[in-house]
Amino acid sequence: MISPHSTPGTAHHRRLRSVVKQLVIELAHLEYCLAAGVQAPPIQGAVTDIDQAIDRLNDYLGNESQAQKAA
């Protein structure tokens, strides 16, 4: 539920930050699997893709945050 003091953009950013946190947890688990010796190409590809997704979401959140401060 959105609080009366939240704007839709704020709720959107909170949800995206939550998604990033969950992706970081999942990435850590996959990296642990790789370190433990699981060298399946799909896992290696997933690690790369999740890492890129985290970077892109963080960039988006950072750019949006700067735009809101400038406004």
# chains A, B, ... in the order shown; residues from 1 in each chain; ligands from 1
call {"tool": "residues_around", "arguments": {"residues": "Arg17 (chain A)", "least_positions_apart": "5", "cutoff": "9 Å", "atoms": "only C-alpha atoms", "output": "PyMOL selection string"}}
result
chain A and resi 12+22+57-58+61
call {"tool": "write_last_selection", "arguments": {"atoms": "C-alpha atoms", "output": "PDB file, in the first residue's frame"}}
result
ATOM      1  CA  HIS A  12       8.178   2.763  -8.054  1.00  0.00           C
ATOM      2  CA  GLN A  22      16.885  -9.566  -4.446  1.00  0.00           C
ATOM      3  CA  LEU A  57      18.807  -0.745 -12.670  1.00  0.00           C
ATOM      4  CA  ASN A  58      21.291   1.063 -10.431  1.00  0.00           C
ATOM      5  CA  LEU A  61      17.747   4.690 -10.201  1.00  0.00           C
TER       6      LEU A  61
END
call {"tool": "residues_around", "arguments": {"residues": "Ala53 (chain A)", "least_positions_apart": "5", "cutoff": "9 Å", "atoms": "only C-alpha atoms", "output": "PyMOL selection string"}}
result
chain A and resi 20+23+48+58
call {"tool": "closest_residue", "arguments": {"among": "A:His13, A:Glu26, A:Ser18, A:Gln68", "to": "Asp49 (chain A)", "atoms": "only C-alpha atoms"}}
result
A:Glu26
call {"tool": "closest_residue", "arguments": {"among": "A:Ile54, A:Gly62, A:Ala11, A:Gly45", "to": "Leu30 (chain A)", "atoms": "only C-alpha atoms"}}
result
A:Gly45
call {"tool": "closest_residue", "arguments": {"among": "A:Ala70, A:Leu16, A:Asp59, A:Ala46", "to": "Cys33 (chain A)", "atoms": "only C-alpha atoms"}}
result
A:Ala46
call {"tool": "select_by_dssp", "arguments": {"residues": "chain A", "states": "helix (DSSP H, G or I)", "output": "ChimeraX atom specification"}}
result
/A:8-35,41-70
call {"tool": "write_last_selection", "arguments": {"atoms": "C-alpha atoms", "output": "mmCIF file, in the first residue's frame"}}
result
data_model
loop_
_atom_site.group_PDB
_atom_site.id
_atom_site.type_symbol
_atom_site.label_atom_id
_atom_site.label_comp_id
_atom_site.auth_asym_id
_atom_site.auth_seq_id
_atom_site.Cartn_x
_atom_site.Cartn_y
_atom_site.Cartn_z
ATOM 1 C CA PRO A 8 3.916 7.105 -7.432
ATOM 2 C CA GLY A 9 7.544 7.605 -8.508
ATOM 3 C CA THR A 10 8.740 7.062 -4.957
ATOM 4 C CA ALA A 11 6.812 3.807 -4.659
ATOM 5 C CA HIS A 12 8.178 2.763 -8.054
ATOM 6 C CA HIS A 13 11.757 3.469 -6.937
ATOM 7 C CA ARG A 14 11.264 1.599 -3.665
ATOM 8 C CA ARG A 15 10.039 -1.428 -5.602
ATOM 9 C CA LEU A 16 12.966 -1.253 -8.016
ATOM 10 C CA ARG A 17 15.441 -0.972 -5.131
ATOM 11 C CA SER A 18 13.825 -4.060 -3.619
ATOM 12 C CA VAL A 19 14.240 -5.896 -6.928
ATOM 13 C CA VAL A 20 17.924 -4.912 -7.060
ATOM 14 C CA LYS A 21 18.468 -6.232 -3.527
ATOM 15 C CA GLN A 22 16.885 -9.566 -4.446
ATOM 16 C CA LEU A 23 18.959 -9.798 -7.621
ATOM 17 C CA VAL A 24 22.129 -9.201 -5.594
ATOM 18 C CA ILE A 25 21.168 -12.073 -3.277
ATOM 19 C CA GLU A 26 20.497 -14.380 -6.223
ATOM 20 C CA LEU A 27 23.739 -13.316 -7.905
ATOM 21 C CA ALA A 28 25.692 -14.138 -4.747
ATOM 22 C CA HIS A 29 24.177 -17.617 -4.692
ATOM 23 C CA LEU A 30 25.065 -18.252 -8.332
ATOM 24 C CA GLU A 31 28.606 -16.977 -7.775
ATOM 25 C CA TYR A 32 28.874 -19.337 -4.810
ATOM 26 C CA CYS A 33 27.849 -22.207 -7.110
ATOM 27 C CA LEU A 34 30.542 -21.219 -9.596
ATOM 28 C CA ALA A 35 33.154 -21.011 -6.832
ATOM 29 C CA PRO A 41 27.421 -22.434 -19.205
ATOM 30 C CA PRO A 42 23.804 -21.504 -18.342
ATOM 31 C CA ILE A 43 24.864 -20.555 -14.812
ATOM 32 C CA GLN A 44 27.806 -18.526 -16.088
ATOM 33 C CA GLY A 45 25.471 -16.758 -18.517
ATOM 34 C CA ALA A 46 22.939 -16.071 -15.777
ATOM 35 C CA VAL A 47 25.657 -14.529 -13.608
ATOM 36 C CA THR A 48 26.625 -12.176 -16.422
ATOM 37 C CA ASP A 49 23.034 -11.266 -17.235
ATOM 38 C CA ILE A 50 22.017 -10.649 -13.612
ATOM 39 C CA ASP A 51 25.134 -8.554 -13.026
ATOM 40 C CA GLN A 52 24.254 -6.429 -16.059
ATOM 41 C CA ALA A 53 20.644 -6.102 -14.908
ATOM 42 C CA ILE A 54 21.810 -4.880 -11.497
ATOM 43 C CA ASP A 55 24.125 -2.322 -13.118
ATOM 44 C CA ARG A 56 21.382 -1.054 -15.430
ATOM 45 C CA LEU A 57 18.807 -0.745 -12.670
ATOM 46 C CA ASN A 58 21.291 1.063 -10.431
ATOM 47 C CA ASP A 59 22.135 3.440 -13.278
ATOM 48 C CA TYR A 60 18.438 4.086 -13.886
ATOM 49 C CA LEU A 61 17.747 4.690 -10.201
ATOM 50 C CA GLY A 62 20.769 6.978 -9.911
ATOM 51 C CA ASN A 63 19.785 9.008 -12.971
ATOM 52 C CA GLU A 64 16.163 9.299 -11.824
ATOM 53 C CA SER A 65 17.292 10.389 -8.374
ATOM 54 C CA GLN A 66 19.512 13.106 -9.864
ATOM 55 C CA ALA A 67 16.690 14.286 -12.121
ATOM 56 C CA GLN A 68 14.305 14.576 -9.167
ATOM 57 C CA LYS A 69 16.861 16.591 -7.174
ATOM 58 C CA ALA A 70 17.387 18.950 -10.095
#
call {"tool": "decode", "arguments": {"residues": "region 10-60 of chain A", "atoms": "C-alpha atoms", "output": "PDB file, in the first residue's frame"}}
result
ATOM      1  CA  THR A  10       8.740   7.062  -4.957  1.00  0.00           C
ATOM      2  CA  ALA A  11       6.812   3.807  -4.659  1.00  0.00           C
ATOM      3  CA  HIS A  12       8.178   2.763  -8.054  1.00  0.00           C
ATOM      4  CA  HIS A  13      11.757   3.469  -6.937  1.00  0.00           C
ATOM      5  CA  ARG A  14      11.264   1.599  -3.665  1.00  0.00           C
ATOM      6  CA  ARG A  15      10.039  -1.428  -5.602  1.00  0.00           C
ATOM      7  CA  LEU A  16      12.966  -1.253  -8.016  1.00  0.00           C
ATOM      8  CA  ARG A  17      15.441  -0.972  -5.131  1.00  0.00           C
ATOM      9  CA  SER A  18      13.825  -4.060  -3.619  1.00  0.00           C
ATOM     10  CA  VAL A  19      14.240  -5.896  -6.928  1.00  0.00           C
ATOM     11  CA  VAL A  20      17.924  -4.912  -7.060  1.00  0.00           C
ATOM     12  CA  LYS A  21      18.468  -6.232  -3.527  1.00  0.00           C
ATOM     13  CA  GLN A  22      16.885  -9.566  -4.446  1.00  0.00           C
ATOM     14  CA  LEU A  23      18.959  -9.798  -7.621  1.00  0.00           C
ATOM     15  CA  VAL A  24      22.129  -9.201  -5.594  1.00  0.00           C
ATOM     16  CA  ILE A  25      21.168 -12.073  -3.277  1.00  0.00           C
ATOM     17  CA  GLU A  26      20.497 -14.380  -6.223  1.00  0.00           C
ATOM     18  CA  LEU A  27      23.739 -13.316  -7.905  1.00  0.00           C
ATOM     19  CA  ALA A  28      25.692 -14.138  -4.747  1.00  0.00           C
ATOM     20  CA  HIS A  29      24.177 -17.617  -4.692  1.00  0.00           C
ATOM     21  CA  LEU A  30      25.065 -18.252  -8.332  1.00  0.00           C
ATOM     22  CA  GLU A  31      28.606 -16.977  -7.775  1.00  0.00           C
ATOM     23  CA  TYR A  32      28.874 -19.337  -4.810  1.00  0.00           C
ATOM     24  CA  CYS A  33      27.849 -22.207  -7.110  1.00  0.00           C
ATOM     25  CA  LEU A  34      30.542 -21.219  -9.596  1.00  0.00           C
ATOM     26  CA  ALA A  35      33.154 -21.011  -6.832  1.00  0.00           C
ATOM     27  CA  ALA A  36      32.087 -24.460  -5.626  1.00  0.00           C
ATOM     28  CA  GLY A  37      32.923 -25.893  -9.027  1.00  0.00           C
ATOM     29  CA  VAL A  38      29.635 -25.804 -10.935  1.00  0.00           C
ATOM     30  CA  GLN A  39      30.789 -24.626 -14.344  1.00  0.00           C
ATOM     31  CA  ALA A  40      27.611 -25.004 -16.384  1.00  0.00           C
ATOM     32  CA  PRO A  41      27.421 -22.434 -19.205  1.00  0.00           C
ATOM     33  CA  PRO A  42      23.804 -21.504 -18.342  1.00  0.00           C
ATOM     34  CA  ILE A  43      24.864 -20.555 -14.812  1.00  0.00           C
ATOM     35  CA  GLN A  44      27.806 -18.526 -16.088  1.00  0.00           C
ATOM     36  CA  GLY A  45      25.471 -16.758 -18.517  1.00  0.00           C
ATOM     37  CA  ALA A  46      22.939 -16.071 -15.777  1.00  0.00           C
ATOM     38  CA  VAL A  47      25.657 -14.529 -13.608  1.00  0.00           C
ATOM     39  CA  THR A  48      26.625 -12.176 -16.422  1.00  0.00           C
ATOM     40  CA  ASP A  49      23.034 -11.266 -17.235  1.00  0.00           C
ATOM     41  CA  ILE A  50      22.017 -10.649 -13.612  1.00  0.00           C
ATOM     42  CA  ASP A  51      25.134  -8.554 -13.026  1.00  0.00           C
ATOM     43  CA  GLN A  52      24.254  -6.429 -16.059  1.00  0.00           C
ATOM     44  CA  ALA A  53      20.644  -6.102 -14.908  1.00  0.00           C
ATOM     45  CA  ILE A  54      21.810  -4.880 -11.497  1.00  0.00           C
ATOM     46  CA  ASP A  55      24.125  -2.322 -13.118  1.00  0.00           C
ATOM     47  CA  ARG A  56      21.382  -1.054 -15.430  1.00  0.00           C
ATOM     48  CA  LEU A  57      18.807  -0.745 -12.670  1.00  0.00           C
ATOM     49  CA  ASN A  58      21.291   1.063 -10.431  1.00  0.00           C
ATOM     50  CA  ASP A  59      22.135   3.440 -13.278  1.00  0.00           C
ATOM     51  CA  TYR A  60      18.438   4.086 -13.886  1.00  0.00           C
TER      52      TYR A  60
END
